[in-house]
$ cat data-v3.cif   # mmCIF, C-alpha atoms and all ligand atoms; chains and numbers go by the auth columns
data_work
#
loop_
_atom_site.group_PDB
_atom_site.id
_atom_site.type_symbol
_atom_site.label_atom_id
_atom_site.label_comp_id
_atom_site.label_asym_id
_atom_site.label_seq_id
_atom_site.Cartn_x
_atom_site.Cartn_y
_atom_site.Cartn_z
_atom_site.B_iso_or_equiv
_atom_site.auth_seq_id
_atom_site.auth_asym_id
ATOM 1 C CA MET A 1 104.324 101.671 122.687 0.00 1 A
ATOM 2 C CA SER A 2 105.490 98.102 122.336 0.00 2 A
ATOM 3 C CA THR A 3 105.163 95.987 119.220 0.00 3 A
ATOM 4 C CA LYS A 4 102.456 93.325 119.349 0.00 4 A
ATOM 5 C CA LEU A 5 103.319 89.663 118.844 0.00 5 A
ATOM 6 C CA SER A 6 100.866 87.749 116.703 0.00 6 A
ATOM 7 C CA LEU A 7 101.618 84.076 116.912 0.00 7 A
ATOM 8 C CA ASN A 8 101.284 82.131 113.688 0.00 8 A
ATOM 9 C CA VAL A 9 99.977 78.654 114.562 0.00 9 A
ATOM 10 C CA ASN A 10 100.314 77.091 111.096 0.00 10 A
ATOM 11 C CA LYS A 11 103.122 74.798 112.307 0.00 11 A
ATOM 12 C CA ILE A 12 100.896 73.377 115.031 0.00 12 A
ATOM 13 C CA ALA A 13 98.417 72.392 112.339 0.00 13 A
ATOM 14 C CA THR A 14 101.211 70.863 110.217 0.00 14 A
ATOM 15 C CA LEU A 15 102.188 68.668 113.165 0.00 15 A
ATOM 16 C CA ARG A 16 98.585 67.671 113.801 0.00 16 A
ATOM 17 C CA ASN A 17 97.950 66.850 110.145 0.00 17 A
ATOM 18 C CA SER A 18 100.990 64.579 110.026 0.00 18 A
ATOM 19 C CA ARG A 19 99.129 62.003 112.166 0.00 19 A
ATOM 20 C CA GLY A 20 95.594 62.603 110.964 0.00 20 A
ATOM 21 C CA GLN A 21 94.116 63.012 114.439 0.00 21 A
ATOM 22 C CA ASN A 22 93.727 66.002 116.714 0.00 22 A
ATOM 23 C CA ARG A 23 97.058 66.188 118.563 0.00 23 A
ATOM 24 C CA PRO A 24 98.136 68.873 119.074 0.00 24 A
ATOM 25 C CA ASN A 25 94.760 70.558 119.204 0.00 25 A
ATOM 26 C CA VAL A 26 95.142 73.844 117.327 0.00 26 A
ATOM 27 C CA VAL A 27 92.387 75.633 119.238 0.00 27 A
ATOM 28 C CA ASP A 28 93.778 74.603 122.643 0.00 28 A
ATOM 29 C CA VAL A 29 97.286 75.650 121.612 0.00 29 A
ATOM 30 C CA ALA A 30 96.033 79.018 120.399 0.00 30 A
ATOM 31 C CA LEU A 31 94.203 79.599 123.673 0.00 31 A
ATOM 32 C CA ASP A 32 97.360 78.711 125.596 0.00 32 A
ATOM 33 C CA CYS A 33 99.417 81.044 123.370 0.00 33 A
ATOM 34 C CA GLU A 34 97.076 83.849 124.407 0.00 34 A
ATOM 35 C CA LYS A 35 97.321 82.798 128.047 0.00 35 A
ATOM 36 C CA PHE A 36 101.130 82.770 127.847 0.00 36 A
ATOM 37 C CA GLY A 37 101.291 86.294 126.423 0.00 37 A
ATOM 38 C CA ALA A 38 100.674 86.339 122.666 0.00 38 A
ATOM 39 C CA ASP A 39 98.854 89.498 121.608 0.00 39 A
ATOM 40 C CA GLY A 40 97.169 87.807 118.687 0.00 40 A
ATOM 41 C CA ILE A 41 96.864 84.635 116.636 0.00 41 A
ATOM 42 C CA THR A 42 97.688 84.409 112.942 0.00 42 A
ATOM 43 C CA VAL A 43 96.533 81.689 110.569 0.00 43 A
ATOM 44 C CA HIS A 44 97.118 81.165 106.876 0.00 44 A
ATOM 45 C CA PRO A 45 94.565 78.814 105.358 0.00 45 A
ATOM 46 C CA ARG A 46 95.986 77.712 102.005 0.00 46 A
ATOM 47 C CA PRO A 47 93.841 76.323 99.199 0.00 47 A
ATOM 48 C CA ASP A 48 95.255 72.790 99.740 0.00 48 A
ATOM 49 C CA GLU A 49 94.689 73.076 103.545 0.00 49 A
ATOM 50 C CA ARG A 50 98.081 71.477 104.150 0.00 50 A
ATOM 51 C CA HIS A 51 98.335 73.102 107.552 0.00 51 A
ATOM 52 C CA ILE A 52 95.469 75.298 108.769 0.00 52 A
ATOM 53 C CA LYS A 53 92.117 74.035 107.489 0.00 53 A
ATOM 54 C CA PHE A 54 89.248 76.381 106.784 0.00 54 A
ATOM 55 C CA GLN A 55 87.293 74.679 109.596 0.00 55 A
ATOM 56 C CA ASP A 56 90.154 75.539 112.023 0.00 56 A
ATOM 57 C CA VAL A 57 89.644 79.203 111.233 0.00 57 A
ATOM 58 C CA TYR A 58 85.927 78.975 112.035 0.00 58 A
ATOM 59 C CA ASP A 59 86.725 77.110 115.263 0.00 59 A
ATOM 60 C CA LEU A 60 89.371 79.640 116.298 0.00 60 A
ATOM 61 C CA SER A 61 87.276 82.656 115.417 0.00 61 A
ATOM 62 C CA SER A 62 84.594 81.872 117.960 0.00 62 A
ATOM 63 C CA ILE A 63 87.052 81.418 120.798 0.00 63 A
ATOM 64 C CA ILE A 64 90.044 83.744 120.339 0.00 64 A
ATOM 65 C CA LYS A 65 90.007 86.619 122.800 0.00 65 A
ATOM 66 C CA THR A 66 92.892 88.601 121.326 0.00 66 A
ATOM 67 C CA GLU A 67 93.149 89.628 117.677 0.00 67 A
ATOM 68 C CA LEU A 68 92.740 87.075 114.908 0.00 68 A
ATOM 69 C CA ASN A 69 94.827 87.865 111.818 0.00 69 A
ATOM 70 C CA ILE A 70 93.946 85.787 108.767 0.00 70 A
ATOM 71 C CA GLU A 71 96.501 85.887 106.004 0.00 71 A
ATOM 72 C CA GLY A 72 96.130 84.470 102.555 0.00 72 A
ATOM 73 C CA TYR A 73 95.606 84.842 98.854 0.00 73 A
ATOM 74 C CA PRO A 74 92.266 86.544 98.210 0.00 74 A
ATOM 75 C CA ASN A 75 90.444 83.985 96.060 0.00 75 A
ATOM 76 C CA SER A 76 86.665 83.657 96.374 0.00 76 A
ATOM 77 C CA LYS A 77 86.835 80.875 99.003 0.00 77 A
ATOM 78 C CA PHE A 78 89.155 82.997 101.145 0.00 78 A
ATOM 79 C CA MET A 79 86.974 86.089 100.819 0.00 79 A
ATOM 80 C CA SER A 80 83.826 84.203 101.748 0.00 80 A
ATOM 81 C CA LEU A 81 85.614 82.920 104.875 0.00 81 A
ATOM 82 C CA ILE A 82 86.466 86.517 105.715 0.00 82 A
ATOM 83 C CA SER A 83 82.924 87.714 105.221 0.00 83 A
ATOM 84 C CA ASP A 84 81.650 84.914 107.518 0.00 84 A
ATOM 85 C CA ILE A 85 84.209 85.494 110.261 0.00 85 A
ATOM 86 C CA LYS A 86 85.067 89.191 110.124 0.00 86 A
ATOM 87 C CA PRO A 87 88.422 88.843 111.932 0.00 87 A
ATOM 88 C CA SER A 88 90.337 91.781 113.417 0.00 88 A
ATOM 89 C CA GLN A 89 92.768 91.868 110.515 0.00 89 A
ATOM 90 C CA VAL A 90 93.290 90.337 107.100 0.00 90 A
ATOM 91 C CA THR A 91 96.742 90.257 105.514 0.00 91 A
ATOM 92 C CA PHE A 92 96.642 89.742 101.777 0.00 92 A
ATOM 93 C CA VAL A 93 99.569 87.722 100.438 0.00 93 A
ATOM 94 C CA PRO A 94 100.238 87.131 96.738 0.00 94 A
ATOM 95 C CA ASP A 95 101.123 83.423 97.047 0.00 95 A
ATOM 96 C CA GLU A 96 100.713 81.102 94.123 0.00 96 A
ATOM 97 C CA PRO A 97 98.735 78.029 95.287 0.00 97 A
ATOM 98 C CA GLY A 98 101.791 75.693 95.302 0.00 98 A
ATOM 99 C CA VAL A 99 104.415 77.800 97.121 0.00 99 A
ATOM 100 C CA LEU A 100 106.049 76.327 100.218 0.00 100 A
ATOM 101 C CA THR A 101 105.745 79.574 102.160 0.00 101 A
ATOM 102 C CA SER A 102 105.172 83.256 101.283 0.00 102 A
ATOM 103 C CA ASN A 103 108.294 84.360 99.504 0.00 103 A
ATOM 104 C CA SER A 104 107.529 87.798 98.084 0.00 104 A
ATOM 105 C CA GLY A 105 105.265 90.785 98.548 0.00 105 A
ATOM 106 C CA TRP A 106 102.609 92.184 96.222 0.00 106 A
ATOM 107 C CA ASN A 107 103.316 94.230 93.170 0.00 107 A
ATOM 108 C CA THR A 108 100.730 96.744 94.368 0.00 108 A
ATOM 109 C CA GLN A 109 100.996 98.872 91.236 0.00 109 A
ATOM 110 C CA LEU A 110 100.113 95.940 88.974 0.00 110 A
ATOM 111 C CA HIS A 111 97.285 94.745 91.231 0.00 111 A
ATOM 112 C CA GLN A 112 96.064 98.185 92.265 0.00 112 A
ATOM 113 C CA SER A 113 92.453 97.819 91.163 0.00 113 A
ATOM 114 C CA MET A 114 91.995 94.353 92.660 0.00 114 A
ATOM 115 C CA LEU A 115 93.581 95.372 95.974 0.00 115 A
ATOM 116 C CA THR A 116 91.510 98.548 96.093 0.00 116 A
ATOM 117 C CA GLU A 117 88.296 96.537 95.702 0.00 117 A
ATOM 118 C CA LEU A 118 89.380 94.005 98.299 0.00 118 A
ATOM 119 C CA ASN A 119 90.269 96.702 100.813 0.00 119 A
ATOM 120 C CA SER A 120 86.858 98.335 100.307 0.00 120 A
ATOM 121 C CA GLU A 121 85.231 94.972 100.941 0.00 121 A
ATOM 122 C CA LEU A 122 87.153 94.619 104.205 0.00 122 A
ATOM 123 C CA ARG A 123 86.151 98.117 105.219 0.00 123 A
ATOM 124 C CA LEU A 124 82.474 97.197 104.720 0.00 124 A
ATOM 125 C CA HIS A 125 83.021 94.245 107.072 0.00 125 A
ATOM 126 C CA GLY A 126 84.826 96.443 109.628 0.00 126 A
ATOM 127 C CA VAL A 127 88.021 94.403 109.140 0.00 127 A
ATOM 128 C CA ARG A 128 91.486 96.018 109.199 0.00 128 A
ATOM 129 C CA SER A 129 93.466 95.410 106.028 0.00 129 A
ATOM 130 C CA SER A 130 97.145 94.753 105.644 0.00 130 A
ATOM 131 C CA ILE A 131 99.081 94.134 102.439 0.00 131 A
ATOM 132 C CA PHE A 132 102.228 92.009 102.409 0.00 132 A
ATOM 133 C CA VAL A 133 104.974 93.944 100.583 0.00 133 A
ATOM 134 C CA ASP A 134 108.710 94.068 100.160 0.00 134 A
ATOM 135 C CA THR A 135 110.634 97.293 100.768 0.00 135 A
ATOM 136 C CA ASP A 136 110.215 98.700 97.256 0.00 136 A
ATOM 137 C CA LEU A 137 108.953 102.236 97.863 0.00 137 A
ATOM 138 C CA LYS A 138 106.615 102.216 94.836 0.00 138 A
ATOM 139 C CA ASN A 139 104.817 99.190 96.262 0.00 139 A
ATOM 140 C CA ILE A 140 104.312 101.053 99.515 0.00 140 A
ATOM 141 C CA GLU A 141 102.990 104.173 97.770 0.00 141 A
ATOM 142 C CA TYR A 142 100.512 102.064 95.844 0.00 142 A
ATOM 143 C CA ALA A 143 99.514 100.132 98.970 0.00 143 A
ATOM 144 C CA ALA A 144 98.404 103.467 100.425 0.00 144 A
ATOM 145 C CA MET A 145 96.599 104.361 97.193 0.00 145 A
ATOM 146 C CA CYS A 146 94.769 101.005 97.377 0.00 146 A
ATOM 147 C CA GLY A 147 93.275 102.089 100.712 0.00 147 A
ATOM 148 C CA ALA A 148 95.116 99.604 102.945 0.00 148 A
ATOM 149 C CA ASP A 149 95.229 100.310 106.676 0.00 149 A
ATOM 150 C CA ARG A 150 98.617 98.675 107.101 0.00 150 A
ATOM 151 C CA ILE A 151 101.432 96.978 105.278 0.00 151 A
ATOM 152 C CA GLU A 152 103.248 93.890 106.449 0.00 152 A
ATOM 153 C CA LEU A 153 106.912 94.117 105.495 0.00 153 A
ATOM 154 C CA TYR A 154 108.311 90.824 104.211 0.00 154 A
ATOM 155 C CA THR A 155 111.331 90.300 106.441 0.00 155 A
ATOM 156 C CA GLY A 156 112.748 87.199 104.714 0.00 156 A
ATOM 157 C CA PRO A 157 115.547 89.147 102.994 0.00 157 A
ATOM 158 C CA PHE A 158 116.361 90.971 106.257 0.00 158 A
ATOM 159 C CA ALA A 159 116.725 87.650 108.088 0.00 159 A
ATOM 160 C CA LEU A 160 118.845 86.218 105.317 0.00 160 A
ATOM 161 C CA ASN A 161 121.311 89.118 105.363 0.00 161 A
ATOM 162 C CA TYR A 162 121.262 89.752 109.116 0.00 162 A
ATOM 163 C CA SER A 163 124.311 87.680 110.045 0.00 163 A
ATOM 164 C CA ARG A 164 126.413 89.158 107.229 0.00 164 A
ATOM 165 C CA ASP A 165 125.714 92.854 107.976 0.00 165 A
ATOM 166 C CA LYS A 166 122.700 93.684 110.127 0.00 166 A
ATOM 167 C CA GLU A 167 122.839 97.467 109.570 0.00 167 A
ATOM 168 C CA ASP A 168 122.842 96.914 105.837 0.00 168 A
ATOM 169 C CA ALA A 169 120.117 94.267 106.147 0.00 169 A
ATOM 170 C CA VAL A 170 117.720 96.648 107.900 0.00 170 A
ATOM 171 C CA LYS A 171 118.433 99.814 105.886 0.00 171 A
ATOM 172 C CA ASN A 172 115.682 99.368 103.282 0.00 172 A
ATOM 173 C CA TYR A 173 113.178 98.476 106.001 0.00 173 A
ATOM 174 C CA ILE A 174 113.865 101.746 107.811 0.00 174 A
ATOM 175 C CA ASN A 175 113.211 103.718 104.612 0.00 175 A
ATOM 176 C CA ALA A 176 110.137 101.665 103.773 0.00 176 A
ATOM 177 C CA SER A 177 108.578 102.057 107.198 0.00 177 A
ATOM 178 C CA LYS A 178 109.287 105.819 107.266 0.00 178 A
ATOM 179 C CA LEU A 179 107.474 106.250 103.977 0.00 179 A
ATOM 180 C CA ALA A 180 104.591 104.071 105.173 0.00 180 A
ATOM 181 C CA LEU A 181 104.170 106.215 108.287 0.00 181 A
ATOM 182 C CA GLU A 182 104.221 109.410 106.183 0.00 182 A
ATOM 183 C CA LEU A 183 101.482 107.935 103.998 0.00 183 A
ATOM 184 C CA GLY A 184 99.368 107.079 107.041 0.00 184 A
ATOM 185 C CA LEU A 185 99.934 103.333 106.849 0.00 185 A
ATOM 186 C CA GLY A 186 100.517 101.233 109.940 0.00 186 A
ATOM 187 C CA VAL A 187 103.512 98.919 109.767 0.00 187 A
ATOM 188 C CA ASN A 188 103.545 95.200 110.563 0.00 188 A
ATOM 189 C CA ALA A 189 106.353 92.795 109.706 0.00 189 A
ATOM 190 C CA GLY A 190 106.880 89.096 109.391 0.00 190 A
ATOM 191 C CA HIS A 191 108.752 86.108 108.043 0.00 191 A
ATOM 192 C CA ASP A 192 111.873 84.488 109.446 0.00 192 A
ATOM 193 C CA LEU A 193 111.967 86.728 112.495 0.00 193 A
ATOM 194 C CA CYS A 194 113.566 84.872 115.398 0.00 194 A
ATOM 195 C CA LEU A 195 115.248 85.211 118.803 0.00 195 A
ATOM 196 C CA GLU A 196 118.506 86.314 117.162 0.00 196 A
ATOM 197 C CA ASN A 197 117.208 89.075 114.886 0.00 197 A
ATOM 198 C CA LEU A 198 113.909 90.292 116.388 0.00 198 A
ATOM 199 C CA LYS A 199 115.164 92.766 118.977 0.00 199 A
ATOM 200 C CA PHE A 200 117.442 94.492 116.504 0.00 200 A
ATOM 201 C CA PHE A 201 114.688 94.729 113.877 0.00 201 A
ATOM 202 C CA ALA A 202 112.095 96.069 116.325 0.00 202 A
ATOM 203 C CA SER A 203 114.553 98.631 117.701 0.00 203 A
ATOM 204 C CA LYS A 204 115.228 100.000 114.214 0.00 204 A
ATOM 205 C CA ILE A 205 111.676 100.243 112.889 0.00 205 A
ATOM 206 C CA GLU A 206 109.926 103.212 114.402 0.00 206 A
ATOM 207 C CA GLY A 207 106.245 102.608 115.107 0.00 207 A
ATOM 208 C CA LEU A 208 106.349 98.880 114.336 0.00 208 A
ATOM 209 C CA LEU A 209 102.835 97.807 115.308 0.00 209 A
ATOM 210 C CA GLU A 210 102.939 94.050 115.017 0.00 210 A
ATOM 211 C CA VAL A 211 105.153 91.134 114.120 0.00 211 A
ATOM 212 C CA SER A 212 103.772 87.810 113.048 0.00 212 A
ATOM 213 C CA ILE A 213 106.025 84.897 113.932 0.00 213 A
ATOM 214 C CA GLY A 214 105.541 81.176 113.482 0.00 214 A
ATOM 215 C CA HIS A 215 108.338 78.890 112.404 0.00 215 A
ATOM 216 C CA ALA A 216 111.198 80.007 114.646 0.00 216 A
ATOM 217 C CA LEU A 217 109.016 80.496 117.706 0.00 217 A
ATOM 218 C CA ILE A 218 107.530 77.010 117.464 0.00 218 A
ATOM 219 C CA CYS A 219 111.017 75.526 116.884 0.00 219 A
ATOM 220 C CA ASP A 220 112.251 77.359 119.977 0.00 220 A
ATOM 221 C CA ALA A 221 109.233 76.199 121.978 0.00 221 A
ATOM 222 C CA ILE A 222 110.075 72.577 121.175 0.00 222 A
ATOM 223 C CA TYR A 223 113.710 73.077 122.021 0.00 223 A
ATOM 224 C CA TYR A 224 113.211 74.970 125.270 0.00 224 A
ATOM 225 C CA GLY A 225 110.556 72.490 126.354 0.00 225 A
ATOM 226 C CA LEU A 226 112.525 69.372 125.479 0.00 226 A
ATOM 227 C CA GLN A 227 114.492 68.947 128.705 0.00 227 A
ATOM 228 C CA LYS A 228 111.451 69.148 130.952 0.00 228 A
ATOM 229 C CA THR A 229 109.443 66.828 128.724 0.00 229 A
ATOM 230 C CA ILE A 230 112.107 64.103 128.604 0.00 230 A
ATOM 231 C CA GLN A 231 112.299 64.252 132.383 0.00 231 A
ATOM 232 C CA MET A 232 108.513 63.866 132.646 0.00 232 A
ATOM 233 C CA TYR A 233 108.627 60.717 130.497 0.00 233 A
ATOM 234 C CA GLN A 234 111.604 59.324 132.395 0.00 234 A
ATOM 235 C CA GLU A 235 109.741 59.869 135.672 0.00 235 A
ATOM 236 C CA LEU A 236 106.994 57.573 134.381 0.00 236 A
ATOM 237 C CA LEU A 237 109.513 54.826 133.653 0.00 237 A
ATOM 238 C CA LYS A 238 111.216 54.807 137.024 0.00 238 A
HETATM 239 N N1 LIG B . 103.835 86.678 107.414 0.00 301 A
HETATM 240 C C1 LIG B . 103.386 85.989 106.341 0.00 301 A
HETATM 241 C C2 LIG B . 102.632 86.737 105.276 0.00 301 A
HETATM 242 C C3 LIG B . 103.595 84.599 106.226 0.00 301 A
HETATM 243 O O1 LIG B . 103.138 83.930 105.151 0.00 301 A
HETATM 244 C C4 LIG B . 104.279 83.937 107.276 0.00 301 A
HETATM 245 C C5 LIG B . 104.469 82.449 107.188 0.00 301 A
HETATM 246 O O2 LIG B . 103.234 81.823 107.173 0.00 301 A
HETATM 247 C C6 LIG B . 104.723 84.699 108.370 0.00 301 A
HETATM 248 C C7 LIG B . 104.500 86.059 108.408 0.00 301 A
HETATM 249 C C8 LIG B . 105.458 84.067 109.512 0.00 301 A
HETATM 250 O O3 LIG B . 106.703 83.632 109.062 0.00 301 A
HETATM 251 P P1 LIG B . 107.578 82.637 109.961 0.00 301 A
HETATM 252 O O4 LIG B . 106.831 81.340 110.036 0.00 301 A
HETATM 253 O O5 LIG B . 108.872 82.536 109.215 0.00 301 A
HETATM 254 O O6 LIG B . 107.732 83.275 111.313 0.00 301 A
#
$ encode --input "data-v3.cif" --output "structure tokens"
Amino acid sequence: MSTKLSLNVNKIATLRNSRGQNRPNVVDVALDCEKFGADGITVHPRPDERHIKFQDVYDLSSIIKTELNIEGYPNSKFMSLISDIKPSQVTFVPDEPGVLTSNSGWNTQLHQSMLTELNSELRLHGVRSSIFVDTDLKNIEYAAMCGADRIELYTGPFALNYSRDKEDAVKNYINASKLALELGLGVNAGHDLCLENLKFFASKIEGLLEVSIGHALICDAIYYGLQKTIQMYQELLK
């Protein structure tokens, strides 16, 4: 069974927002991502809507044919979006409103009762739940006790340590995913995965169901598309 690629389109929205119009069009890009082979689309509407706006999520939800994964901090605005849309999957992240990007997983022991309630709410909506965690085994045990369907392993530290010693960098992730599987949790992963480290990570994590990738993939898409695009513009000037 191969690992599914959910494409995080936040960066497309960041680019669009920088000019205040609708280029690139997030919905069109997401549809093309599906056409070009993505297994799912991920969005992370933040309270300040600095990239994906809540309206984008409504627009995407009616048109996406693969799985829509909505990640975010579960405040009341986020949860009412979820109850309106009922996406395939929700990934709860513990971000403070001002953080640049998700930079840690939940302390699932501390937030056990809140996460348990939220997971029950998702179950009522028929939405799969996933909780963003680091590799601390206690957090994974408590994620299972909170009734989550899956965890998403925060791979930032893996990516950071990969070039120094990749076997060492992945060690805790192997242990964490083994425990998750024993506890009946599905395993997703995301953050800072890229062309250099993805194959190694996926080969080491047994049963890895899904990776969610945004930043590096969009950077690579610009880079690999640059040559052809410059030529297209030069053609027009001949
Ligand atoms: N998973 C979560 C919970 C995230 O917040 C992000 C970034 O929005 C990602 C995965 C994707 O990370 P990256 O953009 O580094 O691929």
$ closest_residue --input "data-v3.cif" --among "A:Glu34, A:Glu121, A:Glu96, A:Asp136" --to "ligand LIG 301 (chain A)" --atoms "only C-alpha atoms and all ligand atoms"
A:Glu96
$ residues_near_ligand --input "data-v3.cif" --ligand "ligand LIG 301 (chain A)" --cutoff "9 Å" --atoms "all atoms listed in the file" --output "VMD selection string"
chain A and resid 7 to 11 42 to 44 71 to 72 91 to 95 101 to 105 131 to 133 152 to 156 189 to 194 211 to 218
$ write_last_selection --input "data-v3.cif" --atoms "C-alpha atoms" --output "short mmCIF file (atom, residue, chain, number, x, y, z; two decimals), keeping the file's coordinate frame"
data_model
loop_
_atom_site.label_atom_id
_atom_site.label_comp_id
_atom_site.auth_asym_id
_atom_site.auth_seq_id
_atom_site.Cartn_x
_atom_site.Cartn_y
_atom_site.Cartn_z
CA LEU A 7 101.62 84.08 116.91
CA ASN A 8 101.28 82.13 113.69
CA VAL A 9 99.98 78.65 114.56
CA ASN A 10 100.31 77.09 111.10
CA LYS A 11 103.12 74.80 112.31
CA THR A 42 97.69 84.41 112.94
CA VAL A 43 96.53 81.69 110.57
CA HIS A 44 97.12 81.17 106.88
CA GLU A 71 96.50 85.89 106.00
CA GLY A 72 96.13 84.47 102.56
CA THR A 91 96.74 90.26 105.51
CA PHE A 92 96.64 89.74 101.78
CA VAL A 93 99.57 87.72 100.44
CA PRO A 94 100.24 87.13 96.74
CA ASP A 95 101.12 83.42 97.05
CA THR A 101 105.74 79.57 102.16
CA SER A 102 105.17 83.26 101.28
CA ASN A 103 108.29 84.36 99.50
CA SER A 104 107.53 87.80 98.08
CA GLY A 105 105.26 90.78 98.55
CA ILE A 131 99.08 94.13 102.44
CA PHE A 132 102.23 92.01 102.41
CA VAL A 133 104.97 93.94 100.58
CA GLU A 152 103.25 93.89 106.45
CA LEU A 153 106.91 94.12 105.50
CA TYR A 154 108.31 90.82 104.21
CA THR A 155 111.33 90.30 106.44
CA GLY A 156 112.75 87.20 104.71
CA ALA A 189 106.35 92.80 109.71
CA GLY A 190 106.88 89.10 109.39
CA HIS A 191 108.75 86.11 108.04
CA ASP A 192 111.87 84.49 109.45
CA LEU A 193 111.97 86.73 112.50
CA CYS A 194 113.57 84.87 115.40
CA VAL A 211 105.15 91.13 114.12
CA SER A 212 103.77 87.81 113.05
CA ILE A 213 106.02 84.90 113.93
CA GLY A 214 105.54 81.18 113.48
CA HIS A 215 108.34 78.89 112.40
CA ALA A 216 111.20 80.01 114.65
CA LEU A 217 109.02 80.50 117.71
CA ILE A 218 107.53 77.01 117.46
#
$ closest_residue --input "data-v3.cif" --among "A:Gly20, A:Gly147, A:Gly225, A:Pro157" --to "Leu185 in chain A" --atoms "only C-alpha atoms"
A:Gly147
$ resolve_selection --input "data-v3.cif" --expression "the PyMOL selection byres (((chain A and resi 146) around 10) and not hetatm)" --output "list in words"
Thr108, Gln109, His111, Gln112, Ser113, Met114, Leu115, Thr116, Glu117, Leu118, Asn119, Ser120, Ile131, Ile140, Glu141, Tyr142, Ala143, Ala144, Met145, Gly147, Ala148 and Asp149 of chain A
$ atom_distance --input "data-v3.cif" --atom1 "CA of Tyr224 in chain A" --atom2 "CA of Asp59 in chain A"
28.4 Å
$ closest_residue --input "data-v3.cif" --among "A:Lys171, A:His125, A:Lys204, A:Lys65" --to "Ala30 in chain A" --atoms "only C-alpha atoms"
A:Lys65
$ closest_residue --input "data-v3.cif" --among "A:Val26, A:Met79, A:Val170, A:Cys33" --to "Gln55 in chain A" --atoms "only C-alpha atoms"
A:Val26
$ closest_residue --input "data-v3.cif" --among "A:Ala169, A:Ala13, A:Val99, A:Val27" --to "Phe200 in chain A" --atoms "all atoms listed in the file"
A:Ala169
$ axis_aligned_box --input "data-v3.cif" --around "range 173-184 of chain A" --padding-each-side "6 Å" --output "AutoDock Vina command-line options"
--center_x 106.6 --center_y 103.9 --center_z 106.0 --size_x 26.5 --size_y 22.9 --size_z 16.5
$ atom_distance --input "data-v3.cif" --atom1 "CA of Val57 in chain A" --atom2 "CA of Pro87 in chain A"
9.7 Å
$ residues_around --input "data-v3.cif" --residues "Ile205 in chain A" --least-positions-apart "5" --cutoff "12 Å" --atoms "only C-alpha atoms" --output "PyMOL selection string"
chain A and resi 2-3+153+155+167+170-181+186-189+198-200+210-211
$ atom_distance --input "data-v3.cif" --atom1 "CA of Gly126 in chain A" --atom2 "CA of Glu206 in chain A"
26.4 Å
$ closest_residue --input "data-v3.cif" --among "A:Met232, A:Ile52, A:Leu209, A:Ala38" --to "Asn25 in chain A" --atoms "only C-alpha atoms"
A:Ile52
$ residues_around --input "data-v3.cif" --residues "Arg23 in chain A" --least-positions-apart "4" --cutoff "9 Å" --atoms "only C-alpha atoms" --output "list in words"
Ile12, Ala13, Leu15, Arg16, Asn17 and Arg19 of chain A
$ build_atoms --input "data-v3.cif" --residues "range 29-38 of chain A" --atoms "N, CA, C and O atoms" --output "short mmCIF file (atom, residue, chain, number, x, y, z; two decimals), keeping the file's coordinate frame"
data_model
loop_
_atom_site.label_atom_id
_atom_site.label_comp_id
_atom_site.auth_asym_id
_atom_site.auth_seq_id
_atom_site.Cartn_x
_atom_site.Cartn_y
_atom_site.Cartn_z
N VAL A 29 95.97 75.01 121.66
CA VAL A 29 97.29 75.65 121.61
C VAL A 29 97.12 77.16 121.46
O VAL A 29 97.79 77.94 122.15
N ALA A 30 96.22 77.57 120.60
CA ALA A 30 96.03 79.02 120.40
C ALA A 30 95.57 79.68 121.69
O ALA A 30 96.05 80.77 122.05
N LEU A 31 94.67 79.02 122.40
CA LEU A 31 94.20 79.60 123.67
C LEU A 31 95.35 79.70 124.67
O LEU A 31 95.47 80.69 125.40
N ASP A 32 96.20 78.66 124.70
CA ASP A 32 97.36 78.71 125.60
C ASP A 32 98.34 79.80 125.17
O ASP A 32 98.92 80.49 126.01
N CYS A 33 98.52 79.97 123.85
CA CYS A 33 99.42 81.04 123.37
C CYS A 33 98.93 82.39 123.91
O CYS A 33 99.73 83.22 124.36
N GLU A 34 97.62 82.59 123.87
CA GLU A 34 97.08 83.85 124.41
C GLU A 34 97.36 83.94 125.91
O GLU A 34 97.79 84.98 126.41
N LYS A 35 97.12 82.82 126.59
CA LYS A 35 97.32 82.80 128.05
C LYS A 35 98.79 83.09 128.39
O LYS A 35 99.09 83.76 129.36
N PHE A 36 99.69 82.61 127.57
CA PHE A 36 101.13 82.77 127.85
C PHE A 36 101.68 84.10 127.32
O PHE A 36 102.88 84.34 127.37
N GLY A 37 100.83 84.94 126.74
CA GLY A 37 101.29 86.29 126.42
C GLY A 37 101.24 86.73 124.97
O GLY A 37 101.63 87.87 124.68
N ALA A 38 100.78 85.88 124.06
CA ALA A 38 100.67 86.34 122.67
C ALA A 38 99.59 87.42 122.60
O ALA A 38 98.58 87.34 123.29
#
